[in-house]
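Encoded as structure tokens, the structure appears first; notes follow it.
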Amino acid sequence: MHRITREKLPHHIAVIMDGNGRWAKKNLLNRIMGHKKGAESVHLVVKTCRELGIQYLTLYAFSIENWQRPKNEIRALSSLLEEYLRLELQEMKETGIKLITIGDTDRLPKTVRDALSDAIEETSENSGMVLNLALSYGGRDEIVDAVKRILRDSKSTDIDENTITKDFFSNYLHTANIPDPDLLIRTSGEYRLSNFLLWQLAYTELYFIDVLWPDFSRDDLIKAITDYQQRERRFGLISDQLSEN
Ligand code: FPP
């Protein structure tokens, strides 16, 4: 039995949902069925995080590299996302979830963009939990994009070498106004970041679990959080310095 303590709850959990394809293969199904089952895990994790009082949940739903997948898989993922948004909107409203996105969402099909903007608009006043979907997202792309926008702004405003601090730069990332993740979970037994939140994960606690995303359960999530709660985050300091504060 895993016990979560209220005091040390992570404010922000980020998840790399991996292993849908392998789950399908293992169950002699096609990859699309793996994603379909994966969407059920999304529902479960969103609901559980909301119940636990997590403030921010970021899910890596579609990476910029995923555009290179077969067209039929991209189409299926798009429809699944659209369906998820339409079906979950009511529950998001009832449970106070605010939907936001990061990534180059302009590249998504119009029907998905419409479902997204409806859900974003209709949940914009909610303050229960922020659900942040990373869609057509790449960490390096986000950083390059920030540099380009700083350059552009420097032509019309006073930006010089001294203006550029870490905080200033963070405000140009897609995650401006979102705290960095405290805990990153990656499923399926792979130990990689795969271009996810490269800047933001600098001091995040990493948790890797050898369970395929469609099999990821409420208990697995609670186990990840209790594991996080037993860790000492030193941010480059030594233990004694932490107890002084
Ligand atoms: C990784 O599994 C998963 C994805 C690339 C997509 C994630 C999408 C979902 C969980 C479903 C829809 C999303 C929402 C938000 C409703 P993989 O295909 O890379 O698995 P593999 O490595 O085993 O092939």
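All residue names refer to the structure tokens as shown: chains lettered A, B, ... in order, residues numbered from 1 in each chain, ligands numbered from 1 in order.
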
Within 9 Å of A:Leu131 using only C-alpha atoms, minus same-chain residues under 3 positions, as a PyMOL selection string: chain A and resi 46+55-59+97-101

Close residues to ligand 1 using only C-alpha atoms and all ligand atoms, limit 8 Å, as a PyMOL selection string: chain A and resi 16-24+31+34-43+59-63+66+77-78+80-85+133+188+212-214

All strand (DSSP E) positions in stretch 3-149 of chain A, as number ranges by chain: A: 12-16, 56-63, 97-102, 129-137

Residues within 9 Å of stretch 159-171 of chain A, only C-alpha atoms, excluding chain neighbours under 4 positions, as a ChimeraX atom specification: /A:146-147,150-151,153-155,175-177,199-200

Nearest to A:Tyr137 by atom-to-atom distance, counting only C-alpha atoms, from A:Leu116, A:Leu173, A:Ser124, A:Arg152: A:Leu173

Of the listed residues A:Gln90, A:Thr5, A:Ser127, A:Ser136, that which approaches A:Pro109 most closely, counting only C-alpha atoms: A:Ser136

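From atom CA of A:Tyr203 back to atom CA of A:Ile4, the distance works out to 21.5 Å.
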
Distance query A:Gly128 at most 9 Å, only C-alpha atoms, self and fewer than 2 positions along chain excluded, as a list of chain:residue names: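 Contacts, in chain order: A:Arg50, A:Gly53, A:Ile54, A:Gln55, A:Thr95, A:Gly96, A:Ile97, A:Lys98, A:Asn126, A:Val130.
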
Point-to-point distance from atom CA of A:Ile225 to atom CA of A:Asn27, Å rounded to tenths: 28.6 Å

In stretch 6-244 of chain A, DSSP alpha helix (DSSP H) residues written as an MDAnalysis selection string: chainID A and resid 20:26 31:52 71:94 110:122 139:156 166:170 218:229 239:244

Proximity to A:Gly103 - best of A:Glu65, A:Glu205, A:Asp210, A:Glu88, only C-alpha atoms: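 Among A:Glu65, A:Glu205, A:Asp210, A:Glu88, it is A:Glu65 that comes nearest to A:Gly103.
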
For A:Arg3: contacts at 12 Å, only C-alpha atoms, fewer than 4 positions along chain excluded, given as JSON, numbers by chain: {"A": [8, 9, 52, 219, 221, 222, 223, 224, 225, 226, 227, 228, 229, 230]}

Selection above as a file: all heavy atoms, as a compact mmCIF listing (two decimals), in the first residue's frame:
```
# COMPACT_ATOMS: atom_id res chain seq x y z
N LYS A 8 4.03 17.11 0.68
CA LYS A 8 5.06 17.10 -0.36
C LYS A 8 4.53 16.68 -1.72
O LYS A 8 5.21 16.00 -2.48
CB LYS A 8 6.21 16.18 0.07
CG LYS A 8 7.41 16.94 0.64
CD LYS A 8 8.51 16.00 1.05
CE LYS A 8 9.57 15.84 0.00
NZ LYS A 8 10.65 14.93 0.41
N LEU A 9 3.32 17.09 -2.03
CA LEU A 9 2.76 16.73 -3.34
C LEU A 9 3.50 17.48 -4.44
O LEU A 9 3.76 18.68 -4.30
CB LEU A 9 1.30 17.18 -3.40
CG LEU A 9 0.16 16.22 -3.14
CD1 LEU A 9 -1.14 16.89 -3.52
CD2 LEU A 9 0.34 14.91 -3.89
N LEU A 52 -6.19 14.07 -6.52
CA LEU A 52 -5.10 14.20 -5.55
C LEU A 52 -4.74 15.66 -5.27
O LEU A 52 -4.04 15.95 -4.31
CB LEU A 52 -3.84 13.47 -6.07
CG LEU A 52 -3.93 11.95 -6.16
CD1 LEU A 52 -2.70 11.41 -6.88
CD2 LEU A 52 -4.04 11.35 -4.77
N ASP A 219 -2.63 2.90 -9.30
CA ASP A 219 -1.63 2.48 -8.32
C ASP A 219 -0.21 2.83 -8.78
O ASP A 219 0.62 3.22 -7.96
CB ASP A 219 -1.75 0.96 -8.15
CG ASP A 219 -1.81 0.61 -6.69
OD1 ASP A 219 -2.41 1.40 -5.94
OD2 ASP A 219 -1.22 -0.43 -6.32
N LEU A 221 0.61 5.33 -10.63
CA LEU A 221 0.76 6.78 -10.46
C LEU A 221 1.04 7.12 -9.00
O LEU A 221 1.94 7.90 -8.67
CB LEU A 221 -0.51 7.50 -10.94
CG LEU A 221 -0.53 9.00 -10.73
CD1 LEU A 221 0.56 9.70 -11.54
CD2 LEU A 221 -1.89 9.59 -11.12
N ILE A 222 0.29 6.48 -8.11
CA ILE A 222 0.47 6.75 -6.69
C ILE A 222 1.86 6.30 -6.24
O ILE A 222 2.53 6.99 -5.47
CB ILE A 222 -0.67 6.08 -5.88
CG1 ILE A 222 -1.95 6.88 -6.19
CG2 ILE A 222 -0.39 6.06 -4.39
CD1 ILE A 222 -3.21 6.35 -5.63
N LYS A 223 2.33 5.18 -6.79
CA LYS A 223 3.67 4.69 -6.46
C LYS A 223 4.74 5.70 -6.92
O LYS A 223 5.70 5.97 -6.20
CB LYS A 223 3.88 3.34 -7.17
CG LYS A 223 4.93 2.50 -6.53
CD LYS A 223 4.82 1.08 -7.03
CE LYS A 223 6.20 0.54 -7.32
NZ LYS A 223 6.27 -0.38 -8.42
N ALA A 224 4.54 6.27 -8.10
CA ALA A 224 5.50 7.25 -8.62
C ALA A 224 5.53 8.48 -7.70
O ALA A 224 6.61 9.02 -7.40
CB ALA A 224 5.10 7.67 -10.03
N ILE A 225 4.37 8.89 -7.24
CA ILE A 225 4.31 10.08 -6.38
C ILE A 225 4.93 9.79 -5.00
O ILE A 225 5.70 10.61 -4.47
CB ILE A 225 2.86 10.61 -6.23
CG1 ILE A 225 2.34 11.05 -7.61
CG2 ILE A 225 2.79 11.77 -5.25
CD1 ILE A 225 0.87 11.45 -7.65
N THR A 226 4.67 8.61 -4.45
CA THR A 226 5.27 8.30 -3.14
C THR A 226 6.79 8.17 -3.27
O THR A 226 7.53 8.59 -2.39
CB THR A 226 4.69 7.02 -2.49
OG1 THR A 226 4.62 6.01 -3.49
CG2 THR A 226 3.32 7.23 -1.93
N ASP A 227 7.25 7.64 -4.39
CA ASP A 227 8.69 7.54 -4.63
C ASP A 227 9.28 8.96 -4.65
O ASP A 227 10.29 9.24 -4.01
CB ASP A 227 8.94 6.83 -5.96
CG ASP A 227 10.40 6.55 -6.20
OD1 ASP A 227 11.16 7.48 -6.53
OD2 ASP A 227 10.79 5.38 -6.06
N TYR A 228 8.62 9.85 -5.34
CA TYR A 228 9.05 11.26 -5.41
C TYR A 228 9.11 11.86 -4.00
O TYR A 228 10.04 12.60 -3.67
CB TYR A 228 8.07 12.05 -6.29
CG TYR A 228 8.18 13.55 -6.14
CD1 TYR A 228 9.10 14.27 -6.88
CD2 TYR A 228 7.36 14.23 -5.23
CE1 TYR A 228 9.22 15.65 -6.73
CE2 TYR A 228 7.46 15.59 -5.08
CZ TYR A 228 8.39 16.30 -5.82
OH TYR A 228 8.51 17.66 -5.65
N GLN A 229 8.12 11.54 -3.19
CA GLN A 229 8.03 12.16 -1.86
C GLN A 229 9.16 11.70 -0.93
O GLN A 229 9.44 12.35 0.07
CB GLN A 229 6.67 11.85 -1.23
CG GLN A 229 5.55 12.53 -2.01
CD GLN A 229 4.20 12.46 -1.32
OE1 GLN A 229 3.81 11.41 -0.83
NE2 GLN A 229 3.49 13.58 -1.29
N GLN A 230 9.79 10.56 -1.29
CA GLN A 230 10.90 10.10 -0.45
C GLN A 230 12.24 10.67 -0.89
O GLN A 230 13.26 10.42 -0.28
CB GLN A 230 10.96 8.58 -0.48
CG GLN A 230 9.97 7.96 0.52
CD GLN A 230 9.44 6.65 0.03
OE1 GLN A 230 10.12 5.94 -0.71
NE2 GLN A 230 8.23 6.31 0.42
```

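Straight-line separation from atom CA of A:Asp158 to atom CA of A:Tyr172: 15.5 Å.
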